[in-house]
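Shown next: my_file32.tsv, given as TSV, C-alpha atoms.
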chain	number	residue	atom	x	y	z
T	10	MET	CA	128.54	58.13	73.23
T	11	LYS	CA	132.25	58.90	72.80
T	12	GLU	CA	133.42	61.43	70.24
T	13	THR	CA	134.86	60.01	67.02
T	14	THR	CA	138.61	60.60	66.69
T	15	LEU	CA	141.02	60.85	63.75
T	16	LYS	CA	142.64	57.65	65.03
T	17	GLN	CA	139.35	55.69	64.72
T	18	ILE	CA	138.83	56.89	61.15
T	19	ALA	CA	142.44	56.03	60.27
T	20	GLU	CA	142.21	52.51	61.76
T	21	THR	CA	138.88	51.82	60.05
T	22	LEU	CA	140.25	52.79	56.63
T	23	GLY	CA	143.73	51.38	57.22
T	24	ILE	CA	145.52	54.66	56.60
T	25	SER	CA	147.60	57.01	58.72
T	26	ILE	CA	146.20	59.70	61.02
T	27	THR	CA	148.18	62.29	59.02
T	28	THR	CA	146.46	61.21	55.79
T	29	VAL	CA	143.03	61.47	57.47
T	30	SER	CA	143.86	64.96	58.73
T	31	LYS	CA	145.09	66.07	55.29
T	32	ALA	CA	142.03	64.59	53.57
T	33	LEU	CA	139.69	66.51	55.87
T	34	LYS	CA	141.59	69.72	55.06
T	35	ASN	CA	141.48	69.00	51.30
T	36	TYR	CA	145.28	68.84	50.87
T	37	PRO	CA	146.26	68.37	47.18
T	38	ASP	CA	148.68	65.51	47.93
T	39	VAL	CA	145.81	63.18	48.97
T	40	SER	CA	143.93	61.36	46.18
T	41	GLU	CA	140.30	62.22	45.47
T	42	LYS	CA	139.34	58.59	46.18
T	43	THR	CA	140.93	58.70	49.66
T	44	LYS	CA	139.39	62.11	50.40
T	45	LYS	CA	135.94	60.78	49.53
T	46	SER	CA	136.40	57.68	51.71
T	47	VAL	CA	137.55	59.81	54.66
T	48	LEU	CA	134.76	62.38	54.28
T	49	ASP	CA	132.05	59.73	53.88
T	50	LEU	CA	133.20	57.87	56.99
T	51	ALA	CA	133.66	61.09	58.97
T	52	ASN	CA	130.11	62.18	58.09
T	53	SER	CA	128.61	58.79	58.93
T	54	LEU	CA	130.37	58.78	62.31
T	55	GLN	CA	129.39	62.47	62.88
T	56	TYR	CA	133.03	63.45	63.36
T	57	THR	CA	133.71	67.03	64.53
T	58	PRO	CA	137.18	68.51	65.02
T	59	ASN	CA	138.41	68.80	68.60
T	60	SER	CA	138.30	72.59	69.03
T	61	PHE	CA	140.55	72.47	72.11
T	62	ALA	CA	143.25	70.62	70.19
T	63	VAL	CA	142.88	73.04	67.27
T	64	ASN	CA	143.21	75.95	69.68
T	65	LEU	CA	146.40	74.53	71.16
T	66	ARG	CA	147.86	74.08	67.71
T	67	THR	CA	146.86	77.44	66.22
T	68	LYS	CA	147.03	79.36	69.52
T	69	GLU	CA	143.64	80.83	68.59
T	70	SER	CA	140.27	80.22	70.24
T	71	LYS	CA	138.29	82.21	67.61
T	72	THR	CA	136.37	83.69	70.54
T	73	ILE	CA	136.38	87.21	71.92
T	74	GLY	CA	135.05	88.45	75.25
T	75	LEU	CA	132.65	91.38	75.61
T	76	ILE	CA	131.90	92.95	79.01
T	77	ILE	CA	129.14	95.55	79.21
T	78	PRO	CA	127.45	97.17	82.22
T	79	GLU	CA	123.93	96.10	81.18
T	80	VAL	CA	122.38	94.20	78.29
T	81	VAL	CA	118.85	95.70	78.44
T	82	HIS	CA	120.01	99.29	77.89
T	83	HIS	CA	119.26	100.38	74.29
T	84	PHE	CA	122.74	101.88	73.81
T	85	PHE	CA	124.61	98.74	74.89
T	86	SER	CA	122.29	96.32	73.08
T	87	SER	CA	122.93	98.28	69.88
T	88	VAL	CA	126.71	98.16	70.44
T	89	VAL	CA	126.45	94.39	71.02
T	90	ASN	CA	124.57	93.96	67.73
T	91	GLY	CA	127.32	95.81	65.87
T	92	ILE	CA	130.06	93.68	67.42
T	93	ILE	CA	128.28	90.35	66.86
T	94	ALA	CA	127.43	91.14	63.24
T	95	GLU	CA	131.06	91.83	62.32
T	96	ALA	CA	132.49	89.07	64.52
T	97	GLU	CA	130.32	86.46	62.76
T	98	LYS	CA	131.47	87.70	59.35
T	99	ASN	CA	135.05	87.10	60.47
T	100	GLY	CA	134.52	83.70	62.08
T	101	TYR	CA	134.56	84.79	65.75
T	102	LEU	CA	132.23	83.78	68.56
T	103	VAL	CA	131.41	86.49	71.12
T	104	ILE	CA	131.13	85.66	74.83
T	105	ILE	CA	128.90	88.40	76.30
T	106	LEU	CA	129.11	89.15	80.02
T	107	GLN	CA	127.18	91.75	82.03
T	108	SER	CA	128.91	93.45	84.96
T	109	ASN	CA	125.68	94.94	86.40
T	110	GLU	CA	127.70	98.12	87.08
T	111	SER	CA	129.74	96.17	89.66
T	112	LEU	CA	133.52	96.52	89.82
T	113	GLU	CA	133.97	93.20	91.64
T	114	LEU	CA	131.90	91.32	89.06
T	115	GLU	CA	133.79	93.08	86.26
T	116	LYS	CA	137.11	91.88	87.74
T	117	LYS	CA	135.83	88.28	87.98
T	118	GLN	CA	134.63	88.41	84.39
T	119	VAL	CA	138.00	89.67	83.15
T	120	GLU	CA	139.67	86.80	85.01
T	121	LEU	CA	137.19	84.33	83.48
T	122	LEU	CA	137.89	85.56	79.95
T	123	ILE	CA	141.65	85.39	80.52
T	124	ASN	CA	141.30	81.79	81.76
T	125	LYS	CA	139.10	80.96	78.76
T	126	ARG	CA	142.01	82.09	76.57
T	127	VAL	CA	139.88	84.41	74.45
T	128	ASP	CA	141.72	86.05	71.56
T	129	GLY	CA	140.74	89.55	72.65
T	130	ILE	CA	138.46	91.56	74.96
T	131	ILE	CA	136.09	94.49	74.32
T	132	LEU	CA	134.94	96.28	77.44
T	133	SER	CA	132.90	99.21	78.74
T	134	LEU	CA	133.62	99.94	82.39
T	135	SER	CA	131.05	99.71	85.17
T	136	ASN	CA	130.01	102.81	87.07
T	137	GLU	CA	131.90	101.52	90.13
T	138	SER	CA	135.20	101.15	88.28
T	139	ASN	CA	137.86	103.21	90.03
T	140	ASP	CA	140.57	100.53	90.03
T	141	ASP	CA	142.30	99.47	86.82
T	142	PHE	CA	144.46	96.57	88.05
T	143	HIS	CA	142.35	94.03	86.08
T	144	LEU	CA	142.81	96.09	82.91
T	145	LYS	CA	146.55	96.23	83.48
T	146	GLU	CA	146.51	92.43	83.82
T	147	ILE	CA	144.94	92.13	80.34
T	148	ILE	CA	147.71	94.35	78.94
T	149	ARG	CA	150.40	92.46	80.90
T	150	ARG	CA	149.25	89.17	79.34
T	151	GLU	CA	149.37	90.80	75.89
T	152	ILE	CA	145.68	90.11	75.22
T	153	PRO	CA	144.28	92.62	72.72
T	154	LEU	CA	141.91	95.07	74.47
T	155	VAL	CA	139.48	97.67	73.16
T	156	GLN	CA	137.61	99.99	75.51
T	157	PHE	CA	134.47	101.84	74.45
T	158	ASP	CA	132.08	104.43	75.91
T	159	LYS	CA	133.09	104.25	79.61
T	160	ILE	CA	136.88	104.01	79.53
T	161	ALA	CA	140.02	104.28	81.67
T	162	LYS	CA	141.97	107.00	79.85
T	163	LEU	CA	145.38	105.99	81.23
T	164	ILE	CA	145.20	102.33	80.15
T	165	PRO	CA	147.26	101.94	76.94
T	166	SER	CA	144.64	100.18	74.83
T	167	SER	CA	142.64	101.03	71.74
T	168	LYS	CA	139.44	102.98	72.40
T	169	VAL	CA	136.23	103.89	70.58
T	170	ILE	CA	134.67	106.99	72.06
T	171	ILE	CA	132.68	110.10	71.43
T	172	ASN	CA	133.67	113.57	72.66
T	173	ASP	CA	131.32	113.56	75.66
T	174	GLN	CA	132.36	117.01	76.79
T	175	LYS	CA	131.72	118.56	73.36
T	176	ALA	CA	128.40	116.71	72.97
T	177	ALA	CA	127.22	117.87	76.41
T	178	PHE	CA	128.35	121.43	75.66
T	179	GLU	CA	126.28	121.41	72.45
T	180	ALA	CA	123.25	119.91	74.25
T	181	THR	CA	123.35	122.59	76.96
T	182	GLU	CA	123.94	125.36	74.44
T	183	HIS	CA	120.96	124.07	72.46
T	184	LEU	CA	118.77	124.80	75.52
T	185	ILE	CA	120.38	128.23	75.93
T	186	GLN	CA	119.72	129.07	72.27
T	187	LYS	CA	116.08	128.13	72.86
T	188	GLY	CA	115.90	130.81	75.57
T	189	CYS	CA	116.64	128.81	78.75
T	190	LYS	CA	118.34	130.82	81.49
T	191	LYS	CA	118.19	128.48	84.50
T	192	ILE	CA	119.32	125.00	83.44
T	193	ALA	CA	119.53	121.99	85.76
T	194	HIS	CA	121.71	118.97	85.02
T	195	ILE	CA	120.94	115.40	86.03
T	196	ARG	CA	124.40	113.85	85.84
T	197	GLY	CA	125.75	110.32	86.03
T	198	PRO	CA	127.64	108.75	88.95
T	199	ILE	CA	130.93	110.27	90.15
T	200	ASN	CA	133.35	107.65	88.74
T	201	PRO	CA	132.68	107.11	85.01
T	202	GLN	CA	134.71	109.36	82.74
T	203	ASN	CA	131.77	109.99	80.41
T	204	ALA	CA	129.65	111.31	83.31
T	205	ILE	CA	132.50	113.61	84.36
T	206	ASP	CA	132.97	114.88	80.80
T	207	ARG	CA	129.25	115.50	80.27
T	208	PHE	CA	129.11	117.49	83.50
T	209	LEU	CA	132.14	119.55	82.41
T	210	GLY	CA	130.53	120.18	79.02
T	211	TYR	CA	127.36	121.44	80.74
T	212	LYS	CA	129.40	123.71	82.99
T	213	LYS	CA	131.47	125.15	80.12
T	214	ALA	CA	128.35	125.95	78.08
T	215	LEU	CA	126.98	127.97	81.00
T	216	GLU	CA	130.28	129.82	81.43
T	217	LYS	CA	130.57	130.62	77.72
T	218	ASN	CA	127.06	132.11	77.74
T	219	ASN	CA	127.58	134.09	80.98
T	220	ILE	CA	125.15	131.99	83.01
T	221	PRO	CA	126.42	131.53	86.60
T	222	PHE	CA	127.07	127.89	87.54
T	223	ASP	CA	125.01	126.78	90.56
T	224	SER	CA	125.98	123.43	92.11
T	225	LYS	CA	122.47	123.19	93.62
T	226	LEU	CA	121.13	122.69	90.08
T	227	VAL	CA	123.19	119.50	89.63
T	228	TYR	CA	121.59	116.20	90.65
T	229	THR	CA	123.67	113.00	90.70
T	230	CYS	CA	122.26	109.61	89.67
T	231	LYS	CA	123.37	106.54	91.56
T	232	ASN	CA	122.02	103.89	89.17
T	233	VAL	CA	120.96	105.94	86.10
T	234	THR	CA	117.34	104.72	86.04
T	235	PHE	CA	113.88	105.80	84.89
T	236	GLU	CA	112.82	105.99	88.56
T	237	GLU	CA	115.67	108.41	89.37
T	238	GLY	CA	114.44	110.62	86.53
T	239	LYS	CA	111.00	110.86	88.14
T	240	GLU	CA	112.48	111.50	91.59
T	241	PHE	CA	114.86	114.22	90.39
T	242	ALA	CA	112.10	115.88	88.33
T	243	GLU	CA	110.06	116.27	91.50
T	244	GLN	CA	113.09	117.58	93.42
T	245	ILE	CA	114.00	120.09	90.71
T	246	ILE	CA	110.50	121.57	90.52
T	247	THR	CA	110.23	121.67	94.32
T	248	ASP	CA	113.69	123.18	94.88
T	249	HIS	CA	113.81	125.44	91.81
T	250	PRO	CA	110.31	126.16	90.44
T	251	ASN	CA	111.80	128.66	87.98
T	252	VAL	CA	114.07	126.12	86.22
T	253	ASP	CA	113.36	126.38	82.50
T	254	GLY	CA	115.74	123.77	81.08
T	255	ILE	CA	117.17	120.35	82.03
T	256	PHE	CA	120.08	118.52	80.43
T	257	VAL	CA	119.92	114.83	81.37
T	258	ILE	CA	122.82	112.31	81.34
T	259	THR	CA	120.88	109.77	79.24
T	260	ASP	CA	117.49	109.29	77.60
T	261	LEU	CA	116.34	106.62	80.06
T	262	VAL	CA	116.53	109.12	82.93
T	263	ALA	CA	115.12	111.92	80.73
T	264	VAL	CA	112.06	109.80	79.93
T	265	GLY	CA	111.52	109.47	83.70
T	266	VAL	CA	111.63	113.28	83.97
T	267	LEU	CA	109.08	113.63	81.16
T	268	ALA	CA	106.82	111.02	82.75
T	269	TYR	CA	106.75	112.92	86.05
T	270	PHE	CA	106.04	116.23	84.31
T	271	ASN	CA	103.23	114.66	82.25
T	272	GLU	CA	101.67	113.16	85.38
T	273	ASN	CA	101.81	116.51	87.20
T	274	ASN	CA	100.65	118.77	84.38
T	275	ILE	CA	104.00	120.55	84.00
T	276	LYS	CA	104.11	121.67	80.39
T	277	VAL	CA	107.08	120.62	78.24
T	278	PRO	CA	108.50	122.59	76.45
T	279	GLN	CA	106.40	125.62	77.47
T	280	GLN	CA	107.51	125.61	81.15
T	281	VAL	CA	110.61	123.43	80.99
T	282	LYS	CA	112.67	122.33	77.99
T	283	ILE	CA	114.47	118.98	78.18
T	284	ILE	CA	117.28	117.31	76.24
T	285	GLY	CA	118.61	113.80	76.82
T	286	PHE	CA	121.56	111.79	75.52
T	287	SER	CA	121.92	108.65	73.32
T	288	ASN	CA	118.84	108.77	71.02
T	289	TRP	CA	117.12	105.76	72.61
T	290	PHE	CA	114.09	104.55	70.59
T	291	MET	CA	111.77	105.56	73.48
T	292	SER	CA	112.77	109.18	72.93
T	293	GLN	CA	110.74	109.13	69.70
T	294	VAL	CA	107.57	107.52	71.08
T	295	ILE	CA	107.07	109.39	74.36
T	296	THR	CA	104.91	112.54	74.38
T	297	PRO	CA	106.31	115.08	73.82
T	298	LYS	CA	109.09	113.53	71.75
T	299	LEU	CA	112.47	113.95	73.44
T	300	SER	CA	115.30	116.07	72.04
T	301	THR	CA	118.57	114.20	72.45
T	302	VAL	CA	122.21	113.74	71.47
T	303	ASP	CA	122.50	111.02	68.85
T	304	GLN	CA	125.27	108.64	69.91
T	305	PRO	CA	126.22	106.21	67.07
T	306	SER	CA	126.02	103.03	69.15
T	307	TYR	CA	125.91	100.41	66.37
T	308	GLU	CA	128.88	102.04	64.64
T	309	MET	CA	130.71	102.04	67.99
T	310	GLY	CA	130.30	98.26	68.10
T	311	VAL	CA	131.50	97.82	64.52
T	312	GLN	CA	134.57	100.02	65.03
T	313	SER	CA	135.38	98.31	68.36
T	314	PHE	CA	135.44	94.89	66.72
T	315	TYR	CA	137.64	95.97	63.81
T	316	LEU	CA	140.14	97.68	66.12
T	317	LEU	CA	140.31	94.44	68.12
T	318	LEU	CA	140.67	92.38	64.92
T	319	GLU	CA	143.52	94.61	63.76
T	320	GLU	CA	145.41	94.02	67.01
T	321	MET	CA	144.66	90.27	67.04
T	322	ASN	CA	145.99	89.96	63.47
T	323	ALA	CA	149.10	91.94	64.38
T	324	ASN	CA	149.73	89.56	67.30
T	325	LYS	CA	149.35	86.53	65.01
T	326	GLU	CA	151.86	87.99	62.59
T	327	MET	CA	154.23	88.94	65.45
T	328	LYS	CA	153.98	92.61	64.45
T	329	THR	CA	154.10	95.60	66.78
T	330	PHE	CA	150.69	97.18	67.33
T	331	THR	CA	150.20	100.75	68.54
T	332	PRO	CA	146.83	101.36	70.25
T	333	LYS	CA	144.45	103.65	68.37
T	334	THR	CA	141.58	105.87	69.45
T	335	ILE	CA	138.57	106.37	67.19
T	336	GLU	CA	136.30	109.32	68.02
T	337	LEU	CA	132.82	109.08	66.51
T	338	THR	CA	130.68	112.12	65.72
T	339	THR	CA	127.51	113.02	67.65
T	340	THR	CA	124.64	115.23	66.53
T	341	ILE	CA	121.79	117.08	68.26
T	342	ILE	CA	118.36	115.68	67.40
T	343	GLU	CA	115.82	118.44	68.02
T	344	ARG	CA	112.31	117.23	68.90
T	345	GLU	CA	109.24	118.59	70.70
T	346	SER	CA	110.73	118.67	74.24
T	347	SER	CA	112.97	121.64	73.44
T	348	LEU	CA	111.07	123.58	70.76
Let me see whether you can do it: turn the structure in this file into structure tokens.
Amino acid sequence: MKETTLKQIAETLGISITTVSKALKNYPDVSEKTKKSVLDLANSLQYTPNSFAVNLRTKESKTIGLIIPEVVHHFFSSVVNGIIAEAEKNGYLVIILQSNESLELEKKQVELLINKRVDGIILSLSNESNDDFHLKEIIRREIPLVQFDKIAKLIPSSKVIINDQKAAFEATEHLIQKGCKKIAHIRGPINPQNAIDRFLGYKKALEKNNIPFDSKLVYTCKNVTFEEGKEFAEQIITDHPNVDGIFVITDLVAVGVLAYFNENNIKVPQQVKIIGFSNWFMSQVITPKLSTVDQPSYEMGVQSFYLLLEEMNANKEMKTFTPKTIELTTTIIERESSL
């Protein structure tokens, strides 16, 4: 069944296409009688506006693209919820793509969103991202871009971040204040800026408190998984049985550490104190409950959307827009794993 067009409605009623268009948009220079005739016929024929034609005319698609490393992760799903909630309020549809921590897939997805003529893009980089050509292409095409969480610092776009280095410093110092003297760190992969900053924060906290840094106490995740947490927990206890504290890159991995310790009768926090990062809901239901850094994920999504909206509106109004960076506050949530 072919879609009903403005031309068909106009011919059926014996009026011009312009009058039909104005009637559907409730223009004041069209009589109420004509408006009613047009609306009644349009409803009976199940007429819907041609969104492609509207897009060509307004130069807006009313869609934005969102690329995240993984959907199932609590942090990213919470960010997505924040973005979608505000986008819907403002009449935008969100196309959500998952890069699976793959740089090549991330590049293809950026190209797809550009070709779809989205009005703007929100993006958190994959762990493999060490090439920013695709981000430069977004900027070159003057498509509004907001980066969040895992970012490329040198790309001139708006960003919503936390101070990862400061948060990691506070997490490590929390363990030190609880009496830990030999603290291991399970860090993220080498590329992402947030993993680098969290490692630097850990290192600075040791230095400030006159605890010698030992590279052998640093274990690097490849995929940042629960299973890696269990594996590294076993390695840490085997390699360094006198470790009394562990700062973990994220709660998912930290829960893996706790699971291994629980299975092997290693007492937390009596023998080893643990702190994670992100305040995942699982951190409150595992035994013992996990101390963590609260990362305001939903708020990160909300702020990311409104920064993008600000730039999209500036573009529509042909105004100059200067990229902005919003830094959200983190807090230490003390629970049983570090008492």
Taking only C-alpha atoms into account, produce a table as a tab-separated table in which each residue of stretch 131-238 of chain T with an atom at most 10 Å from an atom of stretch 244-255 of chain T appears once, together with its shortest atom pair and the distance in Å to one decimal, ordered by chain and rising number.
residue	atom	partner	partner_atom	distance
T:Ala180	CA	T:Ile255	CA	9.9
T:Thr181	CA	T:Ile255	CA	8.3
T:Leu184	CA	T:Gly254	CA	6.4
T:Ile185	CA	T:Gly254	CA	8.2
T:Lys187	CA	T:Gly254	CA	9.3
T:Gly188	CA	T:Asp253	CA	8.6
T:Cys189	CA	T:Asp253	CA	5.5
T:Lys190	CA	T:Asp253	CA	6.7
T:Lys191	CA	T:Val252	CA	5.0
T:Ile192	CA	T:Gly254	CA	4.5
T:Ala193	CA	T:Ile255	CA	4.7
T:His194	CA	T:Ile255	CA	5.6
T:Ile195	CA	T:Ile255	CA	7.4
T:Lys225	CA	T:Asp248	CA	8.9
T:Leu226	CA	T:Ile245	CA	7.6
T:Val227	CA	T:Ile245	CA	9.3
T:Tyr228	CA	T:Ile245	CA	8.5
T:Gly238	CA	T:Gln244	CA	9.9
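Using all atoms listed in the file, the shortest contact distance between T:Ser287 and any of T:Glu12, T:Asp140, T:Asp206, T:Asp173 is found at T:Asp173.
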Kindly extract all protein, DNA and RNA residues lying within 7 Å of the coordinates (117.4, 107.7, 76.0) given in the file, considering only C-alpha atoms, and supply them as an mmCIF file with C-alpha atoms, keeping the file's coordinate frame.
data_model
loop_
_atom_site.group_PDB
_atom_site.id
_atom_site.type_symbol
_atom_site.label_atom_id
_atom_site.label_comp_id
_atom_site.auth_asym_id
_atom_site.auth_seq_id
_atom_site.Cartn_x
_atom_site.Cartn_y
_atom_site.Cartn_z
ATOM 1 C CA THR T 259 120.880 109.770 79.240
ATOM 2 C CA ASP T 260 117.490 109.290 77.600
ATOM 3 C CA LEU T 261 116.340 106.620 80.060
ATOM 4 C CA ALA T 263 115.120 111.920 80.730
ATOM 5 C CA VAL T 264 112.060 109.800 79.930
ATOM 6 C CA GLY T 285 118.610 113.800 76.820
ATOM 7 C CA PHE T 286 121.560 111.790 75.520
ATOM 8 C CA SER T 287 121.920 108.650 73.320
ATOM 9 C CA ASN T 288 118.840 108.770 71.020
ATOM 10 C CA TRP T 289 117.120 105.760 72.610
ATOM 11 C CA MET T 291 111.770 105.560 73.480
ATOM 12 C CA SER T 292 112.770 109.180 72.930
#
The distance between atom CA of T:Ala242 and atom CA of T:Asn273 is 10.4 Å
How far is it from atom CA of T:Val155 to atom CA of T:Pro198, in Å with one decimal?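 Atom-to-atom, atom CA of T:Val155 and atom CA of T:Pro198 are spaced 22.6 Å apart.
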Taken to one decimal, the atom CA of T:Gly197-atom CA of T:Gly91 distance is 24.9 Å
Next on the checklist: Show me, as number ranges by chain, the residues that have an atom within 7 Å of stretch 73-78 of chain T when counting all atoms listed in the file, minus same-chain residues fewer than 4 positions from it.
Outcome noted: T: 101-110, 122, 127-135
Produce the centre coordinates and the three edge lengths, each in Å to one decimal, of the box along x, y and z that contains all listed atoms of stretch 167-185 of chain T with 3 Å added on each side, as JSON.
{"center_x": 130.7, "center_y": 114.6, "center_z": 73.8, "size_x": 29.9, "size_y": 33.2, "size_z": 12.4}
So that I can check the surroundings of T:Lys212, please list as a tab-separated table (two decimals) with C-alpha atoms, in the coordinates of the input every protein, DNA and RNA residue that reaches within 12 Å of it, counting only C-alpha atoms and ignoring chain neighbours fewer than 3 positions away.
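This is the output file part39.tsv:
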chain	number	residue	atom	x	y	z
T	174	GLN	CA	132.36	117.01	76.79
T	175	LYS	CA	131.72	118.56	73.36
T	177	ALA	CA	127.22	117.87	76.41
T	178	PHE	CA	128.35	121.43	75.66
T	179	GLU	CA	126.28	121.41	72.45
T	180	ALA	CA	123.25	119.91	74.25
T	181	THR	CA	123.35	122.59	76.96
T	182	GLU	CA	123.94	125.36	74.44
T	192	ILE	CA	119.32	125.00	83.44
T	193	ALA	CA	119.53	121.99	85.76
T	194	HIS	CA	121.71	118.97	85.02
T	196	ARG	CA	124.40	113.85	85.84
T	205	ILE	CA	132.50	113.61	84.36
T	206	ASP	CA	132.97	114.88	80.80
T	207	ARG	CA	129.25	115.50	80.27
T	208	PHE	CA	129.11	117.49	83.50
T	209	LEU	CA	132.14	119.55	82.41
T	215	LEU	CA	126.98	127.97	81.00
T	216	GLU	CA	130.28	129.82	81.43
T	217	LYS	CA	130.57	130.62	77.72
T	218	ASN	CA	127.06	132.11	77.74
T	219	ASN	CA	127.58	134.09	80.98
T	220	ILE	CA	125.15	131.99	83.01
T	221	PRO	CA	126.42	131.53	86.60
T	222	PHE	CA	127.07	127.89	87.54
T	223	ASP	CA	125.01	126.78	90.56
T	224	SER	CA	125.98	123.43	92.11
T	226	LEU	CA	121.13	122.69	90.08
T	227	VAL	CA	123.19	119.50	89.63
T	256	PHE	CA	120.08	118.52	80.43
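If all atoms listed in the file are the atoms counted, then among T:Leu348, T:Met309, T:Ile171, T:Ile295 the closest residue to T:Pro278 is T:Leu348.
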Closest of T:Val257, T:Val302, T:Val169, T:Ala176 to T:Leu337, counting all atoms listed in the file, is T:Val169
Rebuild stretch 53-59 of chain T so that it carries all heavy atoms, then output the result as a CSV table (one decimal), in the coordinates of the input.
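To be explicit, this is the file written out as rebuild-v2.csv:
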chain,number,residue,atom,x,y,z
T,53,SER,N,129.5,59.9,58.4
T,53,SER,CA,128.6,58.8,58.9
T,53,SER,C,128.8,58.6,60.4
T,53,SER,O,127.9,58.3,61.2
T,53,SER,CB,128.9,57.5,58.2
T,53,SER,OG,130.2,57.0,58.5
T,54,LEU,N,130.1,58.9,60.9
T,54,LEU,CA,130.4,58.8,62.3
T,54,LEU,C,130.2,60.1,63.0
T,54,LEU,O,130.4,60.2,64.3
T,54,LEU,CB,131.8,58.3,62.5
T,54,LEU,CG,132.2,56.9,62.0
T,54,LEU,CD1,133.7,56.7,62.1
T,54,LEU,CD2,131.4,55.9,62.8
T,55,GLN,N,129.7,61.1,62.3
T,55,GLN,CA,129.4,62.5,62.9
T,55,GLN,C,130.6,63.0,63.6
T,55,GLN,O,130.6,63.6,64.7
T,55,GLN,CB,128.2,62.4,63.9
T,55,GLN,CG,126.9,62.0,63.2
T,55,GLN,CD,125.7,62.0,64.2
T,55,GLN,OE1,125.9,61.6,65.3
T,55,GLN,NE2,124.6,62.4,63.7
T,56,TYR,N,131.8,62.9,62.8
T,56,TYR,CA,133.0,63.4,63.4
T,56,TYR,C,133.0,65.0,63.3
T,56,TYR,O,132.6,65.6,62.4
T,56,TYR,CB,134.2,63.0,62.5
T,56,TYR,CG,135.5,63.7,62.8
T,56,TYR,CD1,136.3,63.4,63.9
T,56,TYR,CD2,135.9,64.7,61.9
T,56,TYR,CE1,137.4,64.1,64.2
T,56,TYR,CE2,137.1,65.4,62.2
T,56,TYR,CZ,137.9,65.1,63.4
T,56,TYR,OH,139.0,65.8,63.6
T,57,THR,N,133.5,65.6,64.5
T,57,THR,CA,133.7,67.0,64.5
T,57,THR,C,135.1,67.3,65.1
T,57,THR,O,135.6,66.5,66.0
T,57,THR,CB,132.7,67.7,65.4
T,57,THR,OG1,132.7,67.1,66.7
T,57,THR,CG2,131.3,67.7,64.9
T,58,PRO,N,135.8,68.3,64.5
T,58,PRO,CA,137.2,68.5,65.0
T,58,PRO,C,137.2,68.9,66.5
T,58,PRO,O,136.2,69.5,67.0
T,58,PRO,CB,137.6,69.7,64.2
T,58,PRO,CG,136.7,69.7,63.0
T,58,PRO,CD,135.4,69.2,63.5
T,59,ASN,N,138.2,68.5,67.2
T,59,ASN,CA,138.4,68.8,68.6
T,59,ASN,C,138.9,70.3,68.7
T,59,ASN,O,140.0,70.5,68.4
T,59,ASN,CB,139.4,67.9,69.2
T,59,ASN,CG,139.6,68.1,70.7
T,59,ASN,OD1,139.5,69.2,71.2
T,59,ASN,ND2,139.9,67.1,71.5
